[in-house]
file run08.txt (compact mmCIF, C-alpha atoms)
# COMPACT_ATOMS: atom_id res chain seq x y z
CA MET A 1 98.11 89.26 96.52
CA SER A 2 95.76 87.84 99.12
CA HIS A 3 92.23 87.23 97.93
CA ILE A 4 90.77 87.92 101.38
CA ILE A 5 89.18 91.33 101.19
CA GLN A 6 88.85 93.83 104.02
CA GLU A 7 85.96 96.18 104.61
CA THR A 8 85.87 99.05 102.17
CA ASN A 9 84.16 102.42 102.16
CA ASP A 10 84.69 103.00 98.42
CA PRO A 11 81.49 101.96 96.64
CA VAL A 12 82.72 103.34 93.33
CA ASN A 13 85.67 100.98 92.79
CA ILE A 14 84.14 97.84 94.29
CA LYS A 15 81.27 95.99 92.68
CA THR A 16 79.76 93.04 94.54
CA ASN A 17 79.06 89.72 92.80
CA LYS A 18 77.35 86.81 94.49
CA ARG A 19 79.22 83.85 92.99
CA ILE A 20 82.59 83.24 91.34
CA GLN A 21 82.16 83.28 87.55
CA TRP A 22 84.39 82.27 84.64
CA ASP A 23 85.45 85.87 83.97
CA ASP A 24 86.82 86.09 87.53
CA LEU A 25 89.32 83.27 86.97
CA ASP A 26 92.90 83.20 85.67
CA PRO A 27 92.80 80.28 83.16
CA LYS A 28 96.48 79.33 83.63
CA LYS A 29 96.17 78.94 87.39
CA TYR A 30 92.74 77.34 87.05
CA TYR A 31 93.90 74.54 84.74
CA PHE A 32 97.20 73.94 86.54
CA TYR A 33 95.55 73.38 89.92
CA ASN A 34 92.77 71.29 88.35
CA PHE A 35 95.20 68.89 86.69
CA LEU A 36 97.34 68.58 89.82
CA LEU A 37 94.47 67.84 92.18
CA GLY A 38 92.51 65.72 89.71
CA GLY A 39 95.47 63.40 89.13
CA SER A 40 96.05 62.98 92.86
CA ILE A 41 92.44 61.98 93.54
CA ASP A 42 92.38 59.57 90.60
CA LEU A 43 95.46 57.80 91.94
CA LEU A 44 93.63 57.15 95.19
CA MET A 45 90.29 56.03 93.75
CA PHE A 46 91.31 54.03 90.66
CA PRO A 47 91.38 50.53 92.27
CA LEU A 48 87.67 50.82 93.04
CA ASP A 49 87.03 51.64 89.40
CA VAL A 50 88.75 48.40 88.32
CA ILE A 51 86.47 46.35 90.61
CA ARG A 52 83.37 48.29 89.48
CA THR A 53 84.12 47.60 85.81
CA ARG A 54 84.59 43.87 86.41
CA LEU A 55 81.43 43.56 88.47
CA GLN A 56 79.41 45.28 85.77
CA VAL A 57 80.53 42.95 82.97
CA GLN A 58 80.35 39.85 85.16
CA GLY A 59 77.61 37.51 83.92
CA SER A 60 77.33 39.09 80.47
CA GLN A 61 77.38 36.51 77.67
CA ASN A 62 78.97 39.04 75.31
CA VAL A 63 82.04 39.70 77.48
CA ILE A 64 84.91 37.21 77.62
CA GLN A 65 85.45 36.88 81.38
CA SER A 66 89.04 36.03 82.30
CA PHE A 67 88.71 36.59 86.04
CA PRO A 68 86.89 34.48 88.67
CA GLN A 69 83.39 35.25 89.87
CA TYR A 70 83.35 38.12 92.36
CA ASN A 71 80.87 37.94 95.22
CA GLY A 72 80.81 41.67 95.83
CA THR A 73 83.29 44.51 96.11
CA PHE A 74 85.52 43.29 98.91
CA ASP A 75 85.63 39.74 97.57
CA GLY A 76 86.72 41.24 94.26
CA PHE A 77 89.60 43.06 95.93
CA LYS A 78 90.81 39.91 97.70
CA LYS A 79 90.70 37.75 94.58
CA LEU A 80 92.27 40.40 92.36
CA VAL A 81 95.25 40.95 94.65
CA ARG A 82 95.70 37.23 95.36
CA LEU A 83 95.58 36.09 91.73
CA GLU A 84 97.04 39.07 89.87
CA GLY A 85 99.03 41.01 92.45
CA LYS A 86 98.74 44.57 93.73
CA LYS A 87 99.79 46.09 90.40
CA ALA A 88 96.53 44.82 88.91
CA LEU A 89 94.68 47.40 91.02
CA TYR A 90 96.03 50.00 88.59
CA LYS A 91 95.42 48.21 85.31
CA GLY A 92 94.85 50.87 82.65
CA PHE A 93 95.65 53.76 84.99
CA LEU A 94 98.06 55.66 82.72
CA THR A 95 95.73 55.33 79.75
CA SER A 96 92.80 56.49 81.84
CA GLU A 97 94.71 59.43 83.29
CA CYS A 98 95.88 60.77 79.94
CA GLY A 99 92.32 60.88 78.68
CA TYR A 100 90.79 62.04 81.93
CA LEU A 101 93.05 65.02 82.49
CA CYS A 102 92.48 66.28 78.95
CA SER A 103 88.72 65.81 79.14
CA ARG A 104 88.66 67.26 82.68
CA GLY A 105 90.02 70.55 81.41
CA ILE A 106 87.30 70.71 78.74
CA TYR A 107 84.61 69.60 81.20
CA PHE A 108 85.12 72.11 84.01
CA GLY A 109 86.10 74.99 81.77
CA SER A 110 83.04 74.61 79.56
CA TYR A 111 80.75 74.13 82.59
CA GLU A 112 81.82 77.42 84.17
CA PHE A 113 81.63 79.29 80.86
CA VAL A 114 78.23 77.91 79.80
CA LYS A 115 76.77 78.43 83.27
CA GLN A 116 77.89 82.06 83.28
CA GLN A 117 76.31 82.69 79.88
CA PHE A 118 73.00 81.03 80.81
CA LEU A 119 72.72 82.81 84.15
CA LYS A 120 72.91 86.25 82.56
CA GLY A 121 69.60 88.02 82.88
CA ARG A 122 68.05 85.27 85.00
CA SER A 123 66.76 85.50 88.55
CA ASP A 124 68.42 83.92 91.61
CA SER A 125 65.52 81.51 92.09
CA ASP A 126 66.21 77.83 92.79
CA SER A 127 64.22 76.82 89.70
CA ASP A 128 66.41 78.95 87.40
CA LEU A 129 69.54 77.70 89.15
CA LEU A 130 68.47 74.07 88.79
CA PHE A 131 67.65 74.52 85.10
CA VAL A 132 70.86 76.35 84.20
CA THR A 133 73.25 74.09 86.11
CA THR A 134 71.59 70.90 84.88
CA ILE A 135 71.80 72.04 81.24
CA SER A 136 75.36 73.33 81.71
CA GLY A 137 76.46 70.06 83.28
CA GLY A 138 74.99 68.08 80.39
CA ILE A 139 76.60 70.25 77.70
CA SER A 140 80.03 70.16 79.34
CA GLU A 141 79.89 66.35 79.59
CA ALA A 142 78.93 66.00 75.92
CA LEU A 143 81.94 68.10 74.88
CA ALA A 144 84.36 66.25 77.18
CA SER A 145 83.13 62.83 76.01
CA VAL A 146 84.49 63.43 72.51
CA VAL A 147 87.98 63.25 74.03
CA TRP A 148 87.26 60.80 76.85
CA VAL A 149 85.47 57.89 75.11
CA PRO A 150 88.45 56.37 73.19
CA PHE A 151 90.50 56.38 76.41
CA ASP A 152 87.58 54.89 78.33
CA VAL A 153 87.22 52.05 75.81
CA ALA A 154 90.96 51.32 76.03
CA THR A 155 91.01 51.52 79.84
CA GLN A 156 88.08 49.17 80.35
CA SER A 157 89.47 46.69 77.83
CA VAL A 158 92.62 46.42 79.97
CA GLN A 159 90.75 46.45 83.30
CA ILE A 160 88.71 43.33 82.53
CA GLN A 161 91.77 41.25 81.55
CA GLY A 162 92.25 38.72 84.34
CA SER A 163 94.61 35.85 85.06
CA LEU A 164 92.47 33.00 83.69
CA SER A 165 93.50 33.53 80.07
CA THR A 166 96.32 35.08 78.04
CA PRO A 167 95.87 38.88 77.92
CA LYS A 168 94.98 40.24 74.50
CA TYR A 169 96.38 43.70 75.20
CA ARG A 170 99.78 44.60 76.68
CA GLY A 171 98.84 48.14 77.65
CA GLY A 172 97.11 51.32 76.63
CA THR A 173 99.07 51.97 73.41
CA ASP A 174 98.63 48.36 72.33
CA VAL A 175 94.87 48.62 72.90
CA PHE A 176 94.59 51.67 70.65
CA LYS A 177 96.63 50.02 67.89
CA LYS A 178 94.72 46.74 67.93
CA ILE A 179 91.24 48.22 68.24
CA TYR A 180 91.95 50.72 65.46
CA GLY A 181 93.45 47.96 63.31
CA GLU A 182 90.44 45.69 63.82
CA ARG A 183 87.54 48.16 63.73
CA GLY A 184 88.93 51.55 62.77
CA ILE A 185 87.89 54.80 64.43
CA LYS A 186 84.44 53.34 65.11
CA GLY A 187 86.05 50.79 67.39
CA LEU A 188 87.63 53.50 69.53
CA TYR A 189 84.26 55.23 69.78
CA LYS A 190 82.42 52.01 70.57
CA GLY A 191 79.61 52.87 72.92
CA PHE A 192 79.92 56.64 72.30
CA GLY A 193 76.15 56.96 72.07
CA ALA A 194 75.78 54.91 75.24
CA THR A 195 78.36 57.10 76.99
CA ILE A 196 76.43 60.22 76.01
CA ILE A 197 73.15 58.64 77.11
CA ARG A 198 74.65 57.69 80.49
CA ASN A 199 77.13 60.49 81.25
CA VAL A 200 75.14 63.51 80.06
CA PRO A 201 72.17 62.79 82.38
CA TYR A 202 74.57 61.90 85.21
CA SER A 203 76.46 65.17 84.84
CA GLY A 204 73.28 67.22 84.56
CA ILE A 205 71.69 65.53 87.59
CA TRP A 206 74.93 65.83 89.56
CA TRP A 207 75.42 69.56 89.00
CA GLY A 208 71.74 70.37 89.44
CA THR A 209 71.62 68.46 92.74
CA TYR A 210 74.90 69.97 93.88
CA GLU A 211 73.97 73.59 93.21
CA ILE A 212 70.50 73.22 94.75
CA SER A 213 72.00 71.47 97.79
CA LYS A 214 74.43 74.39 98.19
CA SER A 215 71.57 76.86 98.08
CA LYS A 216 69.42 74.92 100.56
CA LEU A 217 72.28 74.28 103.00
CA THR A 218 73.25 77.96 102.92
CA HIS A 219 69.69 79.04 103.79
CA PHE A 220 69.52 76.27 106.40
CA ASN A 221 72.69 77.69 107.98
CA ILE A 222 74.23 74.23 108.23
CA ARG A 223 77.41 75.51 109.89
CA GLN A 224 75.44 76.84 112.85
CA LYS A 225 73.32 73.66 113.03
CA LEU A 226 76.51 71.58 113.25
CA GLY A 227 77.79 73.76 116.07
CA LEU A 228 80.74 75.12 114.07
CA ARG A 229 82.03 78.62 114.61
CA GLU A 230 81.32 81.32 112.06
CA ARG A 231 83.91 81.97 109.37
CA SER A 232 85.89 85.20 109.59
CA SER A 233 85.80 86.15 105.91
CA GLN A 234 82.62 86.21 103.83
CA SER A 235 84.05 87.62 100.58
CA LEU A 236 87.08 87.49 98.29
CA ALA A 237 88.68 90.13 96.08
CA VAL A 238 89.03 89.96 92.31
CA SER A 239 91.63 92.33 90.84
CA ALA A 240 90.72 94.84 88.14
CA GLU A 241 91.42 93.70 84.57
CA THR A 242 89.64 96.21 82.35
CA VAL A 243 87.36 99.22 82.71
CA ASN A 244 84.42 96.94 81.92
CA ASN A 245 85.55 94.42 84.53
CA PRO A 246 86.63 96.49 87.58
CA SER A 247 87.78 95.17 90.94
CA HIS A 248 84.95 93.57 92.84
CA GLU A 249 84.04 91.08 95.54
CA VAL A 250 82.79 87.52 95.18
CA GLU A 251 81.24 85.30 97.81
CA ASN A 252 83.69 83.20 99.85
CA GLU A 253 81.54 80.07 99.89
CA ASP A 254 81.69 77.69 102.85
CA PRO A 255 83.79 74.51 102.21
CA ILE A 256 81.55 72.53 104.61
CA ILE A 257 78.60 73.20 102.29
CA HIS A 258 80.62 72.08 99.27
CA PHE A 259 81.59 68.85 101.01
CA ILE A 260 78.04 67.90 102.05
CA SER A 261 76.50 68.97 98.73
CA GLY A 262 79.00 66.78 96.90
CA PHE A 263 77.79 63.80 98.94
CA PHE A 264 74.12 64.38 98.09
CA ALA A 265 74.89 64.93 94.41
CA ALA A 266 76.96 61.74 94.08
CA VAL A 267 74.49 59.44 95.85
CA PHE A 268 71.50 60.74 93.91
CA ALA A 269 73.09 60.84 90.45
CA THR A 270 74.97 57.53 90.79
CA THR A 271 71.94 55.56 91.99
CA ILE A 272 69.61 56.90 89.30
CA THR A 273 72.02 56.35 86.39
CA ASN A 274 73.60 53.02 87.42
CA PRO A 275 71.48 51.00 84.91
CA LEU A 276 72.79 53.27 82.15
CA ASP A 277 76.35 52.69 83.40
CA VAL A 278 75.93 48.90 83.33
CA ALA A 279 74.65 49.03 79.75
CA LYS A 280 77.45 51.35 78.65
CA THR A 281 80.17 49.14 80.13
CA ARG A 282 78.75 45.97 78.54
CA LEU A 283 78.34 47.65 75.18
CA GLN A 284 81.93 48.93 75.18
CA THR A 285 83.59 45.71 76.37
CA GLY A 286 81.30 43.06 74.83
CA VAL A 287 82.03 40.82 71.85
CA PHE A 288 78.99 40.46 69.56
CA PRO A 289 78.28 38.41 66.40
CA GLU A 290 78.84 40.29 63.15
CA ASN A 291 75.15 40.09 62.25
CA GLU A 292 74.12 41.53 65.61
CA LYS A 293 73.95 45.29 66.05
CA PRO A 294 73.65 45.90 69.80
CA ASN A 295 72.42 49.20 71.13
CA PHE A 296 71.53 50.66 74.47
CA TYR A 297 67.98 49.34 74.42
CA THR A 298 68.87 45.77 73.40
CA ILE A 299 71.61 45.52 76.05
CA ILE A 300 69.26 46.62 78.84
CA LYS A 301 66.48 44.36 77.56
CA SER A 302 68.80 41.36 77.35
CA THR A 303 70.26 42.02 80.81
CA VAL A 304 66.82 42.18 82.45
CA LYS A 305 65.59 39.09 80.60
CA LYS A 306 68.59 36.89 81.48
CA GLU A 307 69.67 38.26 84.87
CA GLY A 308 66.69 40.15 86.25
CA VAL A 309 66.07 43.83 86.99
CA ARG A 310 68.52 43.80 89.90
CA ALA A 311 71.35 43.22 87.42
CA LEU A 312 70.92 46.83 86.26
CA TRP A 313 72.29 47.89 89.64
CA LYS A 314 75.33 45.62 89.50
CA GLY A 315 78.39 47.47 90.70
CA LEU A 316 76.34 50.10 92.55
CA VAL A 317 78.24 49.59 95.83
CA PRO A 318 81.73 50.12 94.34
CA SER A 319 80.29 52.93 92.22
CA LEU A 320 79.03 54.68 95.36
CA LEU A 321 82.26 53.90 97.21
CA THR A 322 84.09 55.52 94.31
CA SER A 323 81.79 58.38 93.33
CA THR A 324 80.75 59.57 96.79
CA PRO A 325 84.17 60.24 98.37
CA TYR A 326 85.49 61.27 94.96
CA SER A 327 82.71 63.83 94.54
CA MET A 328 83.04 65.14 98.07
CA ILE A 329 86.81 65.53 97.91
CA SER A 330 87.05 66.68 94.30
CA ILE A 331 84.30 69.32 94.53
CA PHE A 332 85.72 70.58 97.82
CA LEU A 333 89.14 70.94 96.18
CA TYR A 334 87.66 72.26 92.94
CA GLU A 335 85.86 75.09 94.73
CA GLU A 336 89.10 75.92 96.57
CA VAL A 337 90.93 75.87 93.22
CA LYS A 338 88.50 78.48 91.94
CA LYS A 339 89.35 80.68 94.91
CA LEU A 340 93.09 80.21 94.32
CA SER A 341 92.61 80.99 90.62
CA LEU A 342 90.96 84.38 91.06
CA LYS A 343 92.56 87.21 89.09
call {"tool": "encode", "arguments": {"input": "run08.txt", "output": "structure tokens"}}
result
Amino acid sequence: MSHIIQETNDPVNIKTNKRIQWDDLDPKKYYFYNFLLGGSIDLLMFPLDVIRTRLQVQGSQNVIQSFPQYNGTFDGFKKLVRLEGKKALYKGFLTSECGYLCSRGIYFGSYEFVKQQFLKGRSDSDSDLLFVTTISGGISEALASVVWVPFDVATQSVQIQGSLSTPKYRGGTDVFKKIYGERGIKGLYKGFGATIIRNVPYSGIWWGTYEISKSKLTHFNIRQKLGLRERSSQSLAVSAETVNNPSHEVENEDPIIHFISGFFAAVFATTITNPLDVAKTRLQTGVFPENEKPNFYTIIKSTVKKEGVRALWKGLVPSLLTSTPYSMISIFLYEEVKKLSLK
């Protein structure tokens, strides 16, 4: 049935809700559309992730660098394609995608569920919204990281293999076998603490910024300010499932607001957490003496001492070039997926 709802004069059977919540969604449709769209976006953005990873480890004394020095993002692209071919733009893609799609399902599903639980009994104030969405974003990232980290370690280990030396790993499966054989399960979770320290704040900041941006842009009436015509439908229908969950309406949120809010969220969260990302990447891909026990603090301290404070923002440009369009497109599609997944 169509989710666009017409005017109704029956106040008994229709209950109005402001936002789409987890209980309004059909899980089968929700996960199917999420995996389909997530994989398509990853295919487009992955080459930038390869360049970002290499720029972040470049200059580190603990990482064996087998690619030439990159003088920025575009120089990295030119040298990568010239020396290693176009296929190198997708080094580690299949490994990354297997882990990402699994963790993506956990991430978005847990975010919607936790947010719904925390919002119960709270006001619609921006302060409550910011608190709930920031906490929900952090919790969902922590849960997803348990699945994602081993795949991230394997992906980055392949991504940094250049043409200046014989590759240690032949692919994703080979990475898992060799890392597990050398260091056991701890090797596959190398940098797990760093990932949590970086990704949990990023996710919390991202969702908090996104939801507040949505609220502010809605009150600002951004569509009118941009000179766009008003949308014809302001609400969507959710079919009845049980007596306790009758048919009702949910807000048909404006895609323009989702798109712009995704931009603000990505720029803000990526810029603030880039130093944490640099440390995480170096910790996961570095080779350290047996008597040395690196941690997040020592990596950051060493980086600043040897390369200066600016080194903590290495890879920021490709990170923004990746995260900003990715966030804008993915959140736009994700919000549409929620509409398509209504019961």
call {"tool": "closest_residue", "arguments": {"input": "run08.txt", "among": "A:Leu316, A:Val147, A:Val278, A:Val337", "to": "A:Thr303", "atoms": "all atoms listed in the file"}}
result
A:Val278
call {"tool": "closest_residue", "arguments": {"input": "run08.txt", "among": "A:Ser261, A:Pro318, A:Gly193, A:Tyr100", "to": "A:Asp75", "atoms": "only C-alpha atoms"}}
result
A:Pro318
call {"tool": "closest_residue", "arguments": {"input": "run08.txt", "among": "A:Ala154, A:Leu119, A:Ile20, A:Val146", "to": "A:Thr133", "atoms": "all atoms listed in the file"}}
result
A:Leu119
call {"tool": "closest_residue", "arguments": {"input": "run08.txt", "among": "A:Phe263, A:Phe192, A:Trp313, A:Phe332", "to": "A:Arg52", "atoms": "all atoms listed in the file"}}
result
A:Trp313
call {"tool": "atom_distance", "arguments": {"input": "run08.txt", "atom1": "atom CA of A:Gln69", "atom2": "atom CA of A:Tyr189"}}
result
28.3 Å
call {"tool": "closest_residue", "arguments": {"input": "run08.txt", "among": "A:Gln159, A:Thr195, A:Ser215, A:Ser96", "to": "A:Leu283", "atoms": "all atoms listed in the file"}}
result
A:Thr195
call {"tool": "residues_around", "arguments": {"input": "run08.txt", "residues": "A:Tyr31", "least_positions_apart": "3", "cutoff": "12 Å", "atoms": "all atoms listed in the file", "output": "ChimeraX atom specification"}}
result
/A:25-28,34-38,101-109,334,337-338,340-341
call {"tool": "atom_distance", "arguments": {"input": "run08.txt", "atom1": "atom CA of A:Gln284", "atom2": "atom CA of A:Thr173"}}
result
17.5 Å
call {"tool": "residues_around", "arguments": {"input": "run08.txt", "residues": "A:Lys120", "least_positions_apart": "5", "cutoff": "12 Å", "atoms": "all atoms listed in the file", "output": "list in words"}}
result
Gln21, Phe113, Val114, Lys115, Asp128, Leu129 and Val132 of chain A
call {"tool": "residues_near_point", "arguments": {"input": "run08.txt", "point": "(77.1, 61.2, 87.4)", "cutoff": "10 Å", "atoms": "only C-alpha atoms", "output": "mmCIF file with C-alpha atoms, in the frame of the given file"}}
result
data_model
loop_
_atom_site.group_PDB
_atom_site.id
_atom_site.type_symbol
_atom_site.label_atom_id
_atom_site.label_comp_id
_atom_site.auth_asym_id
_atom_site.auth_seq_id
_atom_site.Cartn_x
_atom_site.Cartn_y
_atom_site.Cartn_z
ATOM 1 C CA GLY A 137 76.460 70.060 83.280
ATOM 2 C CA GLU A 141 79.890 66.350 79.590
ATOM 3 C CA ARG A 198 74.650 57.690 80.490
ATOM 4 C CA ASN A 199 77.130 60.490 81.250
ATOM 5 C CA VAL A 200 75.140 63.510 80.060
ATOM 6 C CA PRO A 201 72.170 62.790 82.380
ATOM 7 C CA TYR A 202 74.570 61.900 85.210
ATOM 8 C CA SER A 203 76.460 65.170 84.840
ATOM 9 C CA GLY A 204 73.280 67.220 84.560
ATOM 10 C CA ILE A 205 71.690 65.530 87.590
ATOM 11 C CA TRP A 206 74.930 65.830 89.560
ATOM 12 C CA TRP A 207 75.420 69.560 89.000
ATOM 13 C CA ALA A 265 74.890 64.930 94.410
ATOM 14 C CA ALA A 266 76.960 61.740 94.080
ATOM 15 C CA VAL A 267 74.490 59.440 95.850
ATOM 16 C CA PHE A 268 71.500 60.740 93.910
ATOM 17 C CA ALA A 269 73.090 60.840 90.450
ATOM 18 C CA THR A 270 74.970 57.530 90.790
ATOM 19 C CA THR A 271 71.940 55.560 91.990
ATOM 20 C CA ILE A 272 69.610 56.900 89.300
ATOM 21 C CA THR A 273 72.020 56.350 86.390
ATOM 22 C CA ASN A 274 73.600 53.020 87.420
ATOM 23 C CA ASP A 277 76.350 52.690 83.400
ATOM 24 C CA SER A 323 81.790 58.380 93.330
ATOM 25 C CA SER A 327 82.710 63.830 94.540
#
call {"tool": "closest_residue", "arguments": {"input": "run08.txt", "among": "A:Thr218, A:Gln65, A:Ser123, A:Gln224", "to": "A:Leu164", "atoms": "only C-alpha atoms"}}
result
A:Gln65
call {"tool": "atom_distance", "arguments": {"input": "run08.txt", "atom1": "atom CA of A:Phe118", "atom2": "atom CA of A:Asn221"}}
result
27.4 Å
call {"tool": "residues_around", "arguments": {"input": "run08.txt", "residues": "A:Val287", "least_positions_apart": "6", "cutoff": "9 Å", "atoms": "all atoms listed in the file", "output": "JSON, numbers by chain"}}
result
{"A": [61, 62, 63, 64]}
call {"tool": "residues_around", "arguments": {"input": "run08.txt", "residues": "A:Gly286", "least_positions_apart": "6", "cutoff": "12 Å", "atoms": "all atoms listed in the file", "output": "PDB file with C-alpha atoms, keeping the file's coordinate frame"}}
result
ATOM      1  CA  GLN A  56      79.410  45.280  85.770  1.00  0.00           C
ATOM      2  CA  VAL A  57      80.530  42.950  82.970  1.00  0.00           C
ATOM      3  CA  GLN A  58      80.350  39.850  85.160  1.00  0.00           C
ATOM      4  CA  GLY A  59      77.610  37.510  83.920  1.00  0.00           C
ATOM      5  CA  SER A  60      77.330  39.090  80.470  1.00  0.00           C
ATOM      6  CA  GLN A  61      77.380  36.510  77.670  1.00  0.00           C
ATOM      7  CA  ASN A  62      78.970  39.040  75.310  1.00  0.00           C
ATOM      8  CA  VAL A  63      82.040  39.700  77.480  1.00  0.00           C
ATOM      9  CA  ILE A  64      84.910  37.210  77.620  1.00  0.00           C
ATOM     10  CA  GLN A  65      85.450  36.880  81.380  1.00  0.00           C
ATOM     11  CA  VAL A 153      87.220  52.050  75.810  1.00  0.00           C
ATOM     12  CA  GLN A 156      88.080  49.170  80.350  1.00  0.00           C
ATOM     13  CA  SER A 157      89.470  46.690  77.830  1.00  0.00           C
ATOM     14  CA  ILE A 160      88.710  43.330  82.530  1.00  0.00           C
ATOM     15  CA  GLY A 187      86.050  50.790  67.390  1.00  0.00           C
ATOM     16  CA  LYS A 190      82.420  52.010  70.570  1.00  0.00           C
ATOM     17  CA  GLY A 191      79.610  52.870  72.920  1.00  0.00           C
ATOM     18  CA  VAL A 278      75.930  48.900  83.330  1.00  0.00           C
ATOM     19  CA  ALA A 279      74.650  49.030  79.750  1.00  0.00           C
ATOM     20  CA  LYS A 280      77.450  51.350  78.650  1.00  0.00           C
ATOM     21  CA  GLU A 292      74.120  41.530  65.610  1.00  0.00           C
ATOM     22  CA  LYS A 293      73.950  45.290  66.050  1.00  0.00           C
ATOM     23  CA  PRO A 294      73.650  45.900  69.800  1.00  0.00           C
ATOM     24  CA  ASN A 295      72.420  49.200  71.130  1.00  0.00           C
ATOM     25  CA  ILE A 299      71.610  45.520  76.050  1.00  0.00           C
TER      26      ILE A 299
END
call {"tool": "residues_around", "arguments": {"input": "run08.txt", "residues": "A:Gly76", "least_positions_apart": "2", "cutoff": "10 Å", "atoms": "only C-alpha atoms", "output": "PDB file with C-alpha atoms, in the frame of the given file"}}
result
ATOM      1  CA  LEU A  48      87.670  50.820  93.040  1.00  0.00           C
ATOM      2  CA  VAL A  50      88.750  48.400  88.320  1.00  0.00           C
ATOM      3  CA  ILE A  51      86.470  46.350  90.610  1.00  0.00           C
ATOM      4  CA  ARG A  52      83.370  48.290  89.480  1.00  0.00           C
ATOM      5  CA  ARG A  54      84.590  43.870  86.410  1.00  0.00           C
ATOM      6  CA  LEU A  55      81.430  43.560  88.470  1.00  0.00           C
ATOM      7  CA  PHE A  67      88.710  36.590  86.040  1.00  0.00           C
ATOM      8  CA  PRO A  68      86.890  34.480  88.670  1.00  0.00           C
ATOM      9  CA  GLN A  69      83.390  35.250  89.870  1.00  0.00           C
ATOM     10  CA  TYR A  70      83.350  38.120  92.360  1.00  0.00           C
ATOM     11  CA  ASN A  71      80.870  37.940  95.220  1.00  0.00           C
ATOM     12  CA  GLY A  72      80.810  41.670  95.830  1.00  0.00           C
ATOM     13  CA  THR A  73      83.290  44.510  96.110  1.00  0.00           C
ATOM     14  CA  PHE A  74      85.520  43.290  98.910  1.00  0.00           C
ATOM     15  CA  LYS A  78      90.810  39.910  97.700  1.00  0.00           C
ATOM     16  CA  LYS A  79      90.700  37.750  94.580  1.00  0.00           C
ATOM     17  CA  LEU A  80      92.270  40.400  92.360  1.00  0.00           C
ATOM     18  CA  VAL A  81      95.250  40.950  94.650  1.00  0.00           C
ATOM     19  CA  ARG A  82      95.700  37.230  95.360  1.00  0.00           C
TER      20      ARG A  82
END
